[in-house]
Amino acid sequence: MKQDLRRLTRAAGTRLHHFHGGLRLRHHKQQSCRLPVARPPLPSRLTVPLQQHAGETVAACVQPGQRVLKGDLIGDGECQRGVNVHAPTSGHVEAVSQHLLGHPSGLAGPCVVIRPDGADQWRARQPLDDWQSLAGSELVQAICQAGIVGLGGAVFPTHRKMHHGQAARIHTLILNGAECEPFISCDEMLMREQPRKILAGARVLQHAIGAERTVIAIEDQMGAVREALEAAIAEPGAAAIDLVCVPAIYPEGGERQLIQVLTGQEVPSGGYPSDIGLLCQNVATAAAVADAILEDRPLLERYVTVTGSGVREPRNVLALVGTPIADLIEFCGGYAPDAARLVIGGPMMGYSLDSDAHPVVKATNCVLVLCHDEIASPQPEMPCIRCGECARVCPAQLLPQQLHWQIRNGLWEDAGASGLRDCIECGCCDFVCPSHIPLAQWFRHGKGELRARRRQQLAADHARERYLTREARLARQQAERAERMAQKKRALRDDAARQRKVAAAIGRAARKRSADSEPEPGP
Amino acid sequence: MNRQLATGAAPHIPPSVTVAGTMRQVLYALVPGIFAATWYFGPGVLVQILLASVFALAFEWLMLKLRKRDLRLFLTDGSALVTGVLFALCVPPLAPWWISLVAMLFAVVFAKHLYGGLGHNIFNPAMVGYAVVLISFPQEMTQWLLPRPLAPGAPGLLETLGIILGGAAPAGWDAISGATPLDSLKTGIDSGRIVPEIRLAAVFGDFGGLGWEWIANWYALGGLYLLYRRIISWHVPAAVVGSVVLLSLPAWLLDPGSNPAPLQHVFSGALVLGAFFIATDPVSGCASNRGRLWFGAGVGLITLAIRRWGGYPDGVAFAVLLMNMAAPLIDRYTRPRIYGQ
């Protein structure tokens, strides 16, 4: 079955397929694509969080007061579960302290605060010019050193994805340039301005995982991107790279949906694309890989779209990790008068922040400022009328209304069985709900609850197992003790019998002696 | 200077569709059918719509008040209005006013609010109201006006109001009322006459009942508008009409003497109205598309069975109510396959 799927996915991109549901949304992308990408001035302070993705917080390896150069390691993930963090520019470490993380949870976490010295001085760099002669594992190691994460939004550590892929024998690398959320255009601008870098990254990735070919997927409405990439592919050295235009339907940029469109096959539930011979990376991740391998530039800056009707001059910026969001908005002309909500990411899946003091992190693809009339709902929440629109647009082919009902009533097992874990939280169901039920929010809550319950279940199972093992051990020990006692008693009993025998023998001997001496006459 | 902003959950752009908007579209889609019905059966149709709407809204207001719900939000959601209008289109145009009162009492109070209000009713409220008055007051519910071409002396607006509100028996009632085409078919077949002979009667038109067939066509037009606006999916109407045609076709081919033609079935009674507007009620119907096909097919099958063997000339209302009961079970067995599973 899996082998069949692997064979079928080899034709990725040769024919386009459909995925279930989805929405044709207004793009709102042009407003941020008019101006070329620019680099905002160096901020007075950079606050670099030591946790850059959903994984672990890494340990700081610098001290306050220490001078760091651009690209110096400041947080060491040791290539395990954490991700390396580097100094975005040269300067002095002002503090290693707790700061708000710009995360919907509102939690604080350790950050390295750097005061730039303005020199932007690099550490010594050693590009791997001979990458073609290196083994895949060495390249993955270098990618890990550079602290690269998936830049499409999920921020999964790239080296872990590649470890996984190396073990699973990938035949096709898919570069995801289908930036399907409205407003976000950072990948689009990157592909327009840096097509060669993306292709170079594709070649490195393809070599590192041993894939046979690369498919770059872009949306069919990205005309300028298509021209730029086609021109770059036509240059020598870009063999085995195909460019595919996919129709712009949200959420086509979702890994699973894109794979379905390119191959007609589905990634098994609970599995990974590597199970069917594919590895999916964002185009910006590929560019970061090219930077890391060919120039020894770790991931310390990224393209960020600053857009929305709440920003005066929407555009894309090349921002250092740790730059306060307020600086980016100021660079883009500041807020419009009726700015009402600050969203990190797109309008469908992004999260809103309460303050613009939070820093840019590796995951920050878009800073979206929306106005009052854009976020105001024309109607409060009403009861579900079971119209079924949510099921029609659900790309995971779930029944959102049923899941919603199950979660509301705490039917967690039913919700799990109805596929709650397969929800990708795209928000399509929300967007078409005439009753304005915050379905995606319910599903995020429900998925969290399922995870917590799973953890609890595992802990309970573990405790029970431990208890049973202990009981068995105690019983065994008691049995052994009883056995030893019995043996001792037996031995004791044996002892007593022997003593009796000895005494009897002595008695017999004594009697014999007295019998022998009997004939002698007494004195 | 840092700025503080209010937060909210994704998606950050709210839906443009609303419950009230959906219901409004349903009402718009009924307009051509209402015009046609008024043309053939006189101003009584409009009076019934007005009466039922007023009663429906009044009961809705009362129940919202008793249940301490948001009056403005739920009174304007349009659901009670749709219930009233759909019911009014099923009653004889000259039925007395208290028919609507009783029907809306059962529709809005019993079928809707006692089950939990909007979105929680198991049965289609309009059809519950209709079934209650049909069973309780068979005489009032079966006296239909003849369509305009056959009843030149039909009452005007004032006279209609007098009949409906005052209970005055219309002058020359026998001349302007008569059995519906479905009724004639049923009594005709039961008395051993053959269908082509029964169809010679004046109440029959080209393929259905005179007047009825054209009203049905205009309902269908409204239904196509709802399909175009994606208010309903094609599954239920296609399954209702499809199952009626597929099931009545072999019977008609084998014995055209005692079985009406498929088109006669489709364009008689409330079938088209039911297929596009009643069986498509999302609340009491099936949620998945496969389930909707089964639901619609069930409605078609039961309607035909009641028309053929039942005690009533038409069976759409009962068919819908019976399938409402089956909907949760159908939903359970027609879950779509989840991505990747």
# chains A, B, ... in the order shown; residues from 1 in each chain; ligands from 1
$ closest_atom_pairs --of "chain A" --to "chain B" --cutoff "6 Å" --atoms "only C-alpha atoms" --output "CSV"
residue,atom,partner,partner_atom,distance
A:Glu266,CA,B:Gly340,CA,5.2
A:Val267,CA,B:Gly340,CA,5.4
A:Pro268,CA,B:Gly340,CA,4.2
A:Ser269,CA,B:Gly340,CA,4.4
A:Arg341,CA,B:Leu5,CA,5.9
A:Pro347,CA,B:His12,CA,5.0
A:Met348,CA,B:Pro11,CA,4.1
A:Met349,CA,B:Ala10,CA,5.5
A:Ser352,CA,B:Thr7,CA,5.2
A:Leu353,CA,B:Thr7,CA,5.9
A:Asp354,CA,B:Leu5,CA,4.8
A:Ser355,CA,B:Gln4,CA,4.5
A:Asp356,CA,B:Arg3,CA,5.9
A:Ala357,CA,B:Asn2,CA,5.8
A:Ile375,CA,B:Ile13,CA,5.3
A:Ser377,CA,B:Pro14,CA,5.4
A:Pro383,CA,B:Gly119,CA,5.8
A:Cys384,CA,B:Gly119,CA,5.5
A:Ile385,CA,B:Gly119,CA,4.4
A:Arg386,CA,B:Val283,CA,5.2
A:Cys387,CA,B:Pro282,CA,4.9
A:Gly388,CA,B:Ala287,CA,5.5
A:Ala396,CA,B:Tyr339,CA,4.9
A:Gln397,CA,B:Ile338,CA,5.0
A:Leu398,CA,B:Ile338,CA,5.8
A:Gly427,CA,B:Pro11,CA,5.9
A:Phe431,CA,B:Pro15,CA,4.7
A:Val432,CA,B:Pro15,CA,5.7
A:Pro434,CA,B:Thr18,CA,4.0
A:Ser435,CA,B:Val19,CA,5.7
$ closest_atom_pairs --of "range 86-163 of chain A" --to "range 276-291 of chain A" --cutoff "10 Å" --atoms "only C-alpha atoms" --output "JSON lines"
{"residue": "A:Pro127", "atom": "CA", "partner": "A:Asp291", "partner_atom": "CA", "distance": 9.0}
{"residue": "A:Leu139", "atom": "CA", "partner": "A:Val289", "partner_atom": "CA", "distance": 9.5}
{"residue": "A:Val140", "atom": "CA", "partner": "A:Val289", "partner_atom": "CA", "distance": 9.7}
{"residue": "A:Ala142", "atom": "CA", "partner": "A:Val289", "partner_atom": "CA", "distance": 9.1}
{"residue": "A:Ile143", "atom": "CA", "partner": "A:Val289", "partner_atom": "CA", "distance": 6.5}
{"residue": "A:Cys144", "atom": "CA", "partner": "A:Val289", "partner_atom": "CA", "distance": 9.8}
{"residue": "A:Ala146", "atom": "CA", "partner": "A:Val289", "partner_atom": "CA", "distance": 8.3}
{"residue": "A:Gly147", "atom": "CA", "partner": "A:Ala288", "partner_atom": "CA", "distance": 9.6}
{"residue": "A:Ile148", "atom": "CA", "partner": "A:Ala288", "partner_atom": "CA", "distance": 7.0}
{"residue": "A:Val149", "atom": "CA", "partner": "A:Thr285", "partner_atom": "CA", "distance": 7.0}
{"residue": "A:Gly150", "atom": "CA", "partner": "A:Thr285", "partner_atom": "CA", "distance": 5.6}
{"residue": "A:Leu151", "atom": "CA", "partner": "A:Thr285", "partner_atom": "CA", "distance": 5.5}
{"residue": "A:Gly152", "atom": "CA", "partner": "A:Asn282", "partner_atom": "CA", "distance": 5.5}
{"residue": "A:Gly153", "atom": "CA", "partner": "A:Asn282", "partner_atom": "CA", "distance": 9.1}
{"residue": "A:Val155", "atom": "CA", "partner": "A:Thr285", "partner_atom": "CA", "distance": 9.7}
{"residue": "A:Thr158", "atom": "CA", "partner": "A:Thr285", "partner_atom": "CA", "distance": 8.1}
{"residue": "A:Lys161", "atom": "CA", "partner": "A:Leu279", "partner_atom": "CA", "distance": 8.2}
{"residue": "A:Met162", "atom": "CA", "partner": "A:Leu279", "partner_atom": "CA", "distance": 8.1}
$ write_last_selection --atoms "all heavy atoms" --output "short mmCIF file (atom, residue, chain, number, x, y, z; two decimals), in the first residue's frame"
data_model
loop_
_atom_site.label_atom_id
_atom_site.label_comp_id
_atom_site.auth_asym_id
_atom_site.auth_seq_id
_atom_site.Cartn_x
_atom_site.Cartn_y
_atom_site.Cartn_z
N PRO A 127 32.35 29.05 4.11
CA PRO A 127 31.33 28.44 3.24
C PRO A 127 31.74 27.03 2.82
O PRO A 127 32.94 26.75 2.66
CB PRO A 127 31.28 29.37 2.03
CG PRO A 127 31.94 30.63 2.46
CD PRO A 127 32.93 30.25 3.51
N LEU A 139 25.72 17.70 5.50
CA LEU A 139 24.95 18.88 5.12
C LEU A 139 23.84 19.15 6.13
O LEU A 139 23.60 20.30 6.52
CB LEU A 139 24.34 18.69 3.73
CG LEU A 139 25.34 18.76 2.58
CD1 LEU A 139 24.68 18.37 1.28
CD2 LEU A 139 25.93 20.15 2.48
N VAL A 140 23.19 18.06 6.58
CA VAL A 140 22.13 18.24 7.58
C VAL A 140 22.72 18.84 8.85
O VAL A 140 22.14 19.72 9.48
CB VAL A 140 21.42 16.89 7.86
CG1 VAL A 140 20.45 17.04 9.02
CG2 VAL A 140 20.70 16.40 6.63
N ALA A 142 25.28 20.81 9.02
CA ALA A 142 25.56 22.23 8.76
C ALA A 142 24.26 23.04 8.82
O ALA A 142 24.23 24.17 9.33
CB ALA A 142 26.22 22.40 7.40
N ILE A 143 23.17 22.47 8.29
CA ILE A 143 21.87 23.15 8.32
C ILE A 143 21.41 23.33 9.76
O ILE A 143 20.90 24.37 10.15
CB ILE A 143 20.85 22.33 7.49
CG1 ILE A 143 21.15 22.50 6.00
CG2 ILE A 143 19.42 22.75 7.81
CD1 ILE A 143 20.40 21.54 5.12
N CYS A 144 21.69 22.31 10.55
CA CYS A 144 21.33 22.39 11.97
C CYS A 144 22.15 23.48 12.66
O CYS A 144 21.61 24.27 13.43
CB CYS A 144 21.58 21.03 12.59
SG CYS A 144 21.40 21.07 14.35
N ALA A 146 23.24 26.11 11.45
CA ALA A 146 22.78 27.43 11.03
C ALA A 146 21.43 27.78 11.63
O ALA A 146 20.90 28.86 11.38
CB ALA A 146 22.70 27.48 9.50
N GLY A 147 20.86 26.87 12.41
CA GLY A 147 19.61 27.18 13.12
C GLY A 147 18.43 27.39 12.19
O GLY A 147 17.58 28.24 12.44
N ILE A 148 18.34 26.59 11.13
CA ILE A 148 17.28 26.80 10.14
C ILE A 148 16.00 26.07 10.55
O ILE A 148 16.03 24.92 10.98
CB ILE A 148 17.75 26.35 8.75
CG1 ILE A 148 18.91 27.26 8.31
CG2 ILE A 148 16.60 26.43 7.74
CD1 ILE A 148 19.51 26.88 7.01
N VAL A 149 14.90 26.79 10.44
CA VAL A 149 13.57 26.21 10.70
C VAL A 149 12.72 26.46 9.47
O VAL A 149 13.06 27.26 8.61
CB VAL A 149 12.91 26.85 11.94
CG1 VAL A 149 13.65 26.48 13.20
CG2 VAL A 149 12.82 28.35 11.79
N GLY A 150 11.60 25.75 9.39
CA GLY A 150 10.67 25.94 8.27
C GLY A 150 10.11 27.36 8.33
O GLY A 150 9.55 27.76 9.34
N LEU A 151 10.28 28.12 7.26
CA LEU A 151 9.92 29.53 7.31
C LEU A 151 8.51 29.80 6.79
O LEU A 151 8.09 30.94 6.67
CB LEU A 151 10.94 30.36 6.52
CG LEU A 151 12.35 30.34 7.14
CD1 LEU A 151 13.32 31.11 6.27
CD2 LEU A 151 12.35 30.92 8.55
N GLY A 152 7.79 28.74 6.48
CA GLY A 152 6.43 28.93 5.98
C GLY A 152 5.44 29.28 7.07
O GLY A 152 4.36 29.76 6.80
N GLY A 153 5.80 29.04 8.29
CA GLY A 153 4.89 29.38 9.38
C GLY A 153 4.87 28.34 10.48
O GLY A 153 4.65 28.66 11.64
N VAL A 155 7.41 26.51 11.44
CA VAL A 155 8.71 26.59 12.11
C VAL A 155 9.21 25.28 12.69
O VAL A 155 9.76 25.24 13.77
CB VAL A 155 8.74 27.66 13.25
CG1 VAL A 155 9.59 28.81 12.83
CG2 VAL A 155 7.38 28.11 13.66
N THR A 158 14.35 22.33 10.51
CA THR A 158 14.60 21.72 9.21
C THR A 158 15.46 20.47 9.31
O THR A 158 15.22 19.49 8.63
CB THR A 158 15.25 22.76 8.27
OG1 THR A 158 14.38 23.87 8.20
CG2 THR A 158 15.47 22.20 6.88
N LYS A 161 13.38 17.47 10.16
CA LYS A 161 12.59 17.03 9.01
C LYS A 161 13.47 16.24 8.04
O LYS A 161 13.07 15.23 7.47
CB LYS A 161 12.03 18.27 8.32
CG LYS A 161 10.73 18.04 7.57
CD LYS A 161 10.15 19.39 7.18
CE LYS A 161 8.83 19.25 6.48
NZ LYS A 161 8.22 20.54 6.18
N MET A 162 14.72 16.72 7.89
CA MET A 162 15.61 16.05 6.94
C MET A 162 16.13 14.72 7.47
O MET A 162 16.28 13.77 6.71
CB MET A 162 16.77 16.99 6.58
CG MET A 162 16.26 18.20 5.81
SD MET A 162 17.55 19.32 5.35
CE MET A 162 18.39 18.38 4.09
#
$ select_by_dssp --residues "range 120-151 of chain A" --states "alpha helix (DSSP H)" --output "PyMOL selection string"
chain A and resi 136-145
$ write_last_selection --atoms "N, CA, C and O atoms" --output "tab-separated table (two decimals), in the first residue's frame"
chain	number	residue	atom	x	y	z
A	136	GLY	N	25.17	13.51	2.87
A	136	GLY	CA	23.93	14.14	3.29
A	136	GLY	C	23.94	14.50	4.76
A	136	GLY	O	23.51	15.58	5.15
A	137	SER	N	24.46	13.59	5.59
A	137	SER	CA	24.41	13.83	7.03
A	137	SER	C	25.25	15.04	7.41
A	137	SER	O	24.92	15.79	8.32
A	138	GLU	N	26.37	15.27	6.65
A	138	GLU	CA	27.20	16.45	6.96
A	138	GLU	C	26.46	17.73	6.61
A	138	GLU	O	26.54	18.72	7.34
A	139	LEU	N	25.72	17.70	5.50
A	139	LEU	CA	24.95	18.88	5.12
A	139	LEU	C	23.84	19.15	6.13
A	139	LEU	O	23.60	20.30	6.52
A	140	VAL	N	23.19	18.06	6.58
A	140	VAL	CA	22.13	18.24	7.58
A	140	VAL	C	22.72	18.84	8.85
A	140	VAL	O	22.14	19.72	9.48
A	141	GLN	N	23.93	18.39	9.20
A	141	GLN	CA	24.60	18.92	10.37
A	141	GLN	C	24.85	20.43	10.21
A	141	GLN	O	24.60	21.22	11.13
A	142	ALA	N	25.28	20.81	9.02
A	142	ALA	CA	25.56	22.23	8.76
A	142	ALA	C	24.26	23.04	8.82
A	142	ALA	O	24.23	24.17	9.33
A	143	ILE	N	23.17	22.47	8.29
A	143	ILE	CA	21.87	23.15	8.32
A	143	ILE	C	21.41	23.33	9.76
A	143	ILE	O	20.90	24.37	10.15
A	144	CYS	N	21.69	22.31	10.55
A	144	CYS	CA	21.33	22.39	11.97
A	144	CYS	C	22.15	23.48	12.66
A	144	CYS	O	21.61	24.27	13.43
A	145	GLN	N	23.45	23.52	12.36
A	145	GLN	CA	24.31	24.54	12.97
A	145	GLN	C	23.79	25.94	12.66
A	145	GLN	O	23.88	26.85	13.48
$ closest_residue --among "B:Ile99, B:Pro138, B:Gly156, B:Asn124" --to "Gly44 in chain B" --atoms "only C-alpha atoms"
B:Gly156
$ residues_around --residues "Glu159 in chain B" --least-positions-apart "2" --cutoff "10 Å" --atoms "only C-alpha atoms" --output "ChimeraX atom specification"
/B:43-44,154-157,161-166,168,170-171
$ write_last_selection --atoms "all heavy atoms" --output "PDB file, in the first residue's frame"
ATOM      1  N   PRO B  43     -56.062  36.285  -4.324  1.00  0.00           N
ATOM      2  CA  PRO B  43     -55.372  36.991  -3.234  1.00  0.00           C
ATOM      3  C   PRO B  43     -55.366  36.223  -1.919  1.00  0.00           C
ATOM      4  O   PRO B  43     -54.619  36.590  -0.998  1.00  0.00           O
ATOM      5  CB  PRO B  43     -56.167  38.286  -3.100  1.00  0.00           C
ATOM      6  CG  PRO B  43     -57.493  37.997  -3.705  1.00  0.00           C
ATOM      7  CD  PRO B  43     -57.286  36.966  -4.768  1.00  0.00           C
ATOM      8  N   GLY B  44     -56.154  35.159  -1.835  1.00  0.00           N
ATOM      9  CA  GLY B  44     -56.142  34.344  -0.617  1.00  0.00           C
ATOM     10  C   GLY B  44     -54.744  33.853  -0.268  1.00  0.00           C
ATOM     11  O   GLY B  44     -54.373  33.764   0.910  1.00  0.00           O
ATOM     12  N   ALA B 154     -64.232  33.709  -8.982  1.00  0.00           N
ATOM     13  CA  ALA B 154     -63.452  33.624  -7.744  1.00  0.00           C
ATOM     14  C   ALA B 154     -63.532  34.926  -6.962  1.00  0.00           C
ATOM     15  O   ALA B 154     -63.607  35.999  -7.558  1.00  0.00           O
ATOM     16  CB  ALA B 154     -61.999  33.294  -8.080  1.00  0.00           C
ATOM     17  N   PRO B 155     -63.501  34.829  -5.640  1.00  0.00           N
ATOM     18  CA  PRO B 155     -63.649  36.019  -4.808  1.00  0.00           C
ATOM     19  C   PRO B 155     -62.487  36.997  -4.963  1.00  0.00           C
ATOM     20  O   PRO B 155     -61.347  36.581  -5.167  1.00  0.00           O
ATOM     21  CB  PRO B 155     -63.706  35.454  -3.383  1.00  0.00           C
ATOM     22  CG  PRO B 155     -63.091  34.108  -3.469  1.00  0.00           C
ATOM     23  CD  PRO B 155     -63.369  33.595  -4.839  1.00  0.00           C
ATOM     24  N   GLY B 156     -62.808  38.284  -4.859  1.00  0.00           N
ATOM     25  CA  GLY B 156     -61.760  39.305  -4.890  1.00  0.00           C
ATOM     26  C   GLY B 156     -61.148  39.467  -3.518  1.00  0.00           C
ATOM     27  O   GLY B 156     -61.424  38.671  -2.599  1.00  0.00           O
ATOM     28  N   LEU B 157     -60.350  40.526  -3.353  1.00  0.00           N
ATOM     29  CA  LEU B 157     -59.597  40.683  -2.108  1.00  0.00           C
ATOM     30  C   LEU B 157     -60.508  40.854  -0.892  1.00  0.00           C
ATOM     31  O   LEU B 157     -60.360  40.154   0.110  1.00  0.00           O
ATOM     32  CB  LEU B 157     -58.647  41.876  -2.230  1.00  0.00           C
ATOM     33  CG  LEU B 157     -57.788  42.143  -0.990  1.00  0.00           C
ATOM     34  CD1 LEU B 157     -56.920  40.949  -0.667  1.00  0.00           C
ATOM     35  CD2 LEU B 157     -56.936  43.382  -1.159  1.00  0.00           C
ATOM     36  N   LEU B 161     -60.964  38.286   2.217  1.00  0.00           N
ATOM     37  CA  LEU B 161     -60.742  38.640   3.618  1.00  0.00           C
ATOM     38  C   LEU B 161     -61.939  38.247   4.464  1.00  0.00           C
ATOM     39  O   LEU B 161     -61.805  37.706   5.561  1.00  0.00           O
ATOM     40  CB  LEU B 161     -60.465  40.136   3.751  1.00  0.00           C
ATOM     41  CG  LEU B 161     -59.050  40.592   3.389  1.00  0.00           C
ATOM     42  CD1 LEU B 161     -58.963  42.105   3.378  1.00  0.00           C
ATOM     43  CD2 LEU B 161     -58.045  40.007   4.371  1.00  0.00           C
ATOM     44  N   GLY B 162     -63.134  38.513   3.923  1.00  0.00           N
ATOM     45  CA  GLY B 162     -64.353  38.154   4.643  1.00  0.00           C
ATOM     46  C   GLY B 162     -64.425  36.665   4.884  1.00  0.00           C
ATOM     47  O   GLY B 162     -64.780  36.209   5.981  1.00  0.00           O
ATOM     48  N   ILE B 163     -64.090  35.896   3.876  1.00  0.00           N
ATOM     49  CA  ILE B 163     -64.175  34.436   4.010  1.00  0.00           C
ATOM     50  C   ILE B 163     -63.167  33.932   5.043  1.00  0.00           C
ATOM     51  O   ILE B 163     -63.488  33.148   5.931  1.00  0.00           O
ATOM     52  CB  ILE B 163     -63.926  33.760   2.647  1.00  0.00           C
ATOM     53  CG1 ILE B 163     -65.011  34.166   1.660  1.00  0.00           C
ATOM     54  CG2 ILE B 163     -63.879  32.253   2.801  1.00  0.00           C
ATOM     55  CD1 ILE B 163     -64.663  33.845   0.228  1.00  0.00           C
ATOM     56  N   ILE B 164     -61.914  34.429   4.911  1.00  0.00           N
ATOM     57  CA  ILE B 164     -60.851  33.905   5.778  1.00  0.00           C
ATOM     58  C   ILE B 164     -61.041  34.376   7.214  1.00  0.00           C
ATOM     59  O   ILE B 164     -60.954  33.588   8.159  1.00  0.00           O
ATOM     60  CB  ILE B 164     -59.465  34.329   5.247  1.00  0.00           C
ATOM     61  CG1 ILE B 164     -59.206  33.679   3.888  1.00  0.00           C
ATOM     62  CG2 ILE B 164     -58.365  33.958   6.226  1.00  0.00           C
ATOM     63  CD1 ILE B 164     -57.947  34.129   3.211  1.00  0.00           C
ATOM     64  N   LEU B 165     -61.336  35.686   7.376  1.00  0.00           N
ATOM     65  CA  LEU B 165     -61.409  36.226   8.732  1.00  0.00           C
ATOM     66  C   LEU B 165     -62.803  36.082   9.326  1.00  0.00           C
ATOM     67  O   LEU B 165     -62.954  35.839  10.524  1.00  0.00           O
ATOM     68  CB  LEU B 165     -60.996  37.701   8.734  1.00  0.00           C
ATOM     69  CG  LEU B 165     -59.578  37.976   8.233  1.00  0.00           C
ATOM     70  CD1 LEU B 165     -59.300  39.468   8.208  1.00  0.00           C
ATOM     71  CD2 LEU B 165     -58.543  37.262   9.101  1.00  0.00           C
ATOM     72  N   GLY B 166     -63.833  36.218   8.478  1.00  0.00           N
ATOM     73  CA  GLY B 166     -65.194  36.201   9.004  1.00  0.00           C
ATOM     74  C   GLY B 166     -65.846  34.833   8.970  1.00  0.00           C
ATOM     75  O   GLY B 166     -66.857  34.599   9.633  1.00  0.00           O
ATOM     76  N   ALA B 168     -67.389  33.603   6.561  1.00  0.00           N
ATOM     77  CA  ALA B 168     -68.587  33.583   5.717  1.00  0.00           C
ATOM     78  C   ALA B 168     -68.379  32.608   4.572  1.00  0.00           C
ATOM     79  O   ALA B 168     -67.330  32.613   3.932  1.00  0.00           O
ATOM     80  CB  ALA B 168     -68.844  34.982   5.174  1.00  0.00           C
ATOM     81  N   PRO B 170     -68.388  31.412   1.032  1.00  0.00           N
ATOM     82  CA  PRO B 170     -68.399  32.189  -0.194  1.00  0.00           C
ATOM     83  C   PRO B 170     -69.621  31.863  -1.056  1.00  0.00           C
ATOM     84  O   PRO B 170     -70.120  30.732  -1.024  1.00  0.00           O
ATOM     85  CB  PRO B 170     -67.112  31.760  -0.882  1.00  0.00           C
ATOM     86  CG  PRO B 170     -66.771  30.454  -0.282  1.00  0.00           C
ATOM     87  CD  PRO B 170     -67.310  30.442   1.103  1.00  0.00           C
ATOM     88  N   ALA B 171     -70.018  32.869  -1.774  1.00  0.00           N
ATOM     89  CA  ALA B 171     -71.157  32.658  -2.667  1.00  0.00           C
ATOM     90  C   ALA B 171     -70.731  31.728  -3.794  1.00  0.00           C
ATOM     91  O   ALA B 171     -69.653  31.880  -4.353  1.00  0.00           O
ATOM     92  CB  ALA B 171     -71.603  34.011  -3.225  1.00  0.00           C
TER      93      ALA B 171
END
$ select_by_dssp --residues "range 78-302 of chain B" --states "strand (DSSP E)" --output "PDB file with N, CA and C atoms, in the first residue's frame"
ATOM      1  N   TRP B 144     -60.000  23.094  -1.818  1.00  0.00           N
ATOM      2  CA  TRP B 144     -59.138  23.963  -2.607  1.00  0.00           C
ATOM      3  C   TRP B 144     -59.959  24.741  -3.620  1.00  0.00           C
ATOM      4  N   LEU B 145     -59.538  25.945  -3.848  1.00  0.00           N
ATOM      5  CA  LEU B 145     -60.113  26.714  -4.948  1.00  0.00           C
ATOM      6  C   LEU B 145     -59.732  26.051  -6.258  1.00  0.00           C
ATOM      7  N   SER B 177     -64.874  25.798  -6.078  1.00  0.00           N
ATOM      8  CA  SER B 177     -63.979  24.874  -5.381  1.00  0.00           C
ATOM      9  C   SER B 177     -64.116  23.491  -5.992  1.00  0.00           C
ATOM     10  N   GLY B 178     -63.136  22.684  -5.706  1.00  0.00           N
ATOM     11  CA  GLY B 178     -63.179  21.328  -6.229  1.00  0.00           C
ATOM     12  C   GLY B 178     -62.000  20.541  -5.716  1.00  0.00           C
TER      13      GLY B 178
END
$ atom_distance --atom1 "CA of Gln166 in chain A" --atom2 "CA of Gly82 in chain A"
19.5 Å
$ closest_residue --among "B:Ala216, B:Phe41, B:Gly211, B:Tyr333" --to "Ile176 in chain B" --atoms "only C-alpha atoms"
B:Phe41
$ residues_around --residues "Leu439 in chain A" --least-positions-apart "5" --cutoff "7 Å" --atoms "only C-alpha atoms" --output "tab-separated table (two decimals) with N, CA, C and O atoms, in the first residue's frame"
chain	number	residue	atom	x	y	z
A	404	HIS	N	-17.74	20.41	16.48
A	404	HIS	CA	-18.06	21.54	17.36
A	404	HIS	C	-19.01	21.10	18.46
A	404	HIS	O	-18.82	21.38	19.64
A	429	CYS	N	-13.88	26.83	7.72
A	429	CYS	CA	-15.22	26.60	8.26
A	429	CYS	C	-15.76	27.85	8.93
A	429	CYS	O	-16.92	28.23	8.75
A	430	ASP	N	-14.88	28.52	9.67
A	430	ASP	CA	-15.25	29.78	10.30
A	430	ASP	C	-15.72	30.80	9.29
A	430	ASP	O	-16.69	31.52	9.50
$ residues_around --residues "Ile329 in chain A" --least-positions-apart "4" --cutoff "10 Å" --atoms "only C-alpha atoms" --output "list in words"
Pro40, Val306, Thr307, Gly310, Val311, Arg312, Glu313, Pro314, Arg315, Pro324, Ile325, Gly333, Gly334, Tyr335, Asp356, Val367, Leu368 and Val369 of chain A
$ residues_around --residues "range 191-195 of chain B" --least-positions-apart "6" --cutoff "9 Å" --atoms "only C-alpha atoms" --output "ChimeraX atom specification"
/B:185,256-261
$ write_last_selection --atoms "N, CA and C atoms" --output "JSON list (two decimals), in the first residue's frame"
[["chain", "number", "residue", "atom", "x", "y", "z"],
["B", 185, "LEU", "N", -57.15, 12.17, -8.93],
["B", 185, "LEU", "CA", -56.43, 10.96, -9.36],
["B", 185, "LEU", "C", -56.70, 9.83, -8.38],
["B", 256, "PRO", "N", -49.85, 1.93, -17.53],
["B", 256, "PRO", "CA", -50.20, 3.35, -17.58],
["B", 256, "PRO", "C", -51.65, 3.61, -17.21],
["B", 257, "GLY", "N", -52.44, 2.56, -17.14],
["B", 257, "GLY", "CA", -53.84, 2.74, -16.81],
["B", 257, "GLY", "C", -54.06, 3.09, -15.35],
["B", 258, "SER", "N", -53.27, 2.49, -14.48],
["B", 258, "SER", "CA", -53.53, 2.73, -13.07],
["B", 258, "SER", "C", -52.38, 3.48, -12.39],
["B", 259, "ASN", "N", -51.37, 3.88, -13.13],
["B", 259, "ASN", "CA", -50.27, 4.64, -12.53],
["B", 259, "ASN", "C", -50.06, 5.94, -13.29],
["B", 260, "PRO", "N", -50.08, 7.07, -12.61],
["B", 260, "PRO", "CA", -49.82, 8.35, -13.29],
["B", 260, "PRO", "C", -48.40, 8.42, -13.82],
["B", 261, "ALA", "N", -48.19, 9.24, -14.83],
["B", 261, "ALA", "CA", -46.86, 9.39, -15.43],
["B", 261, "ALA", "C", -45.93, 10.09, -14.44]]
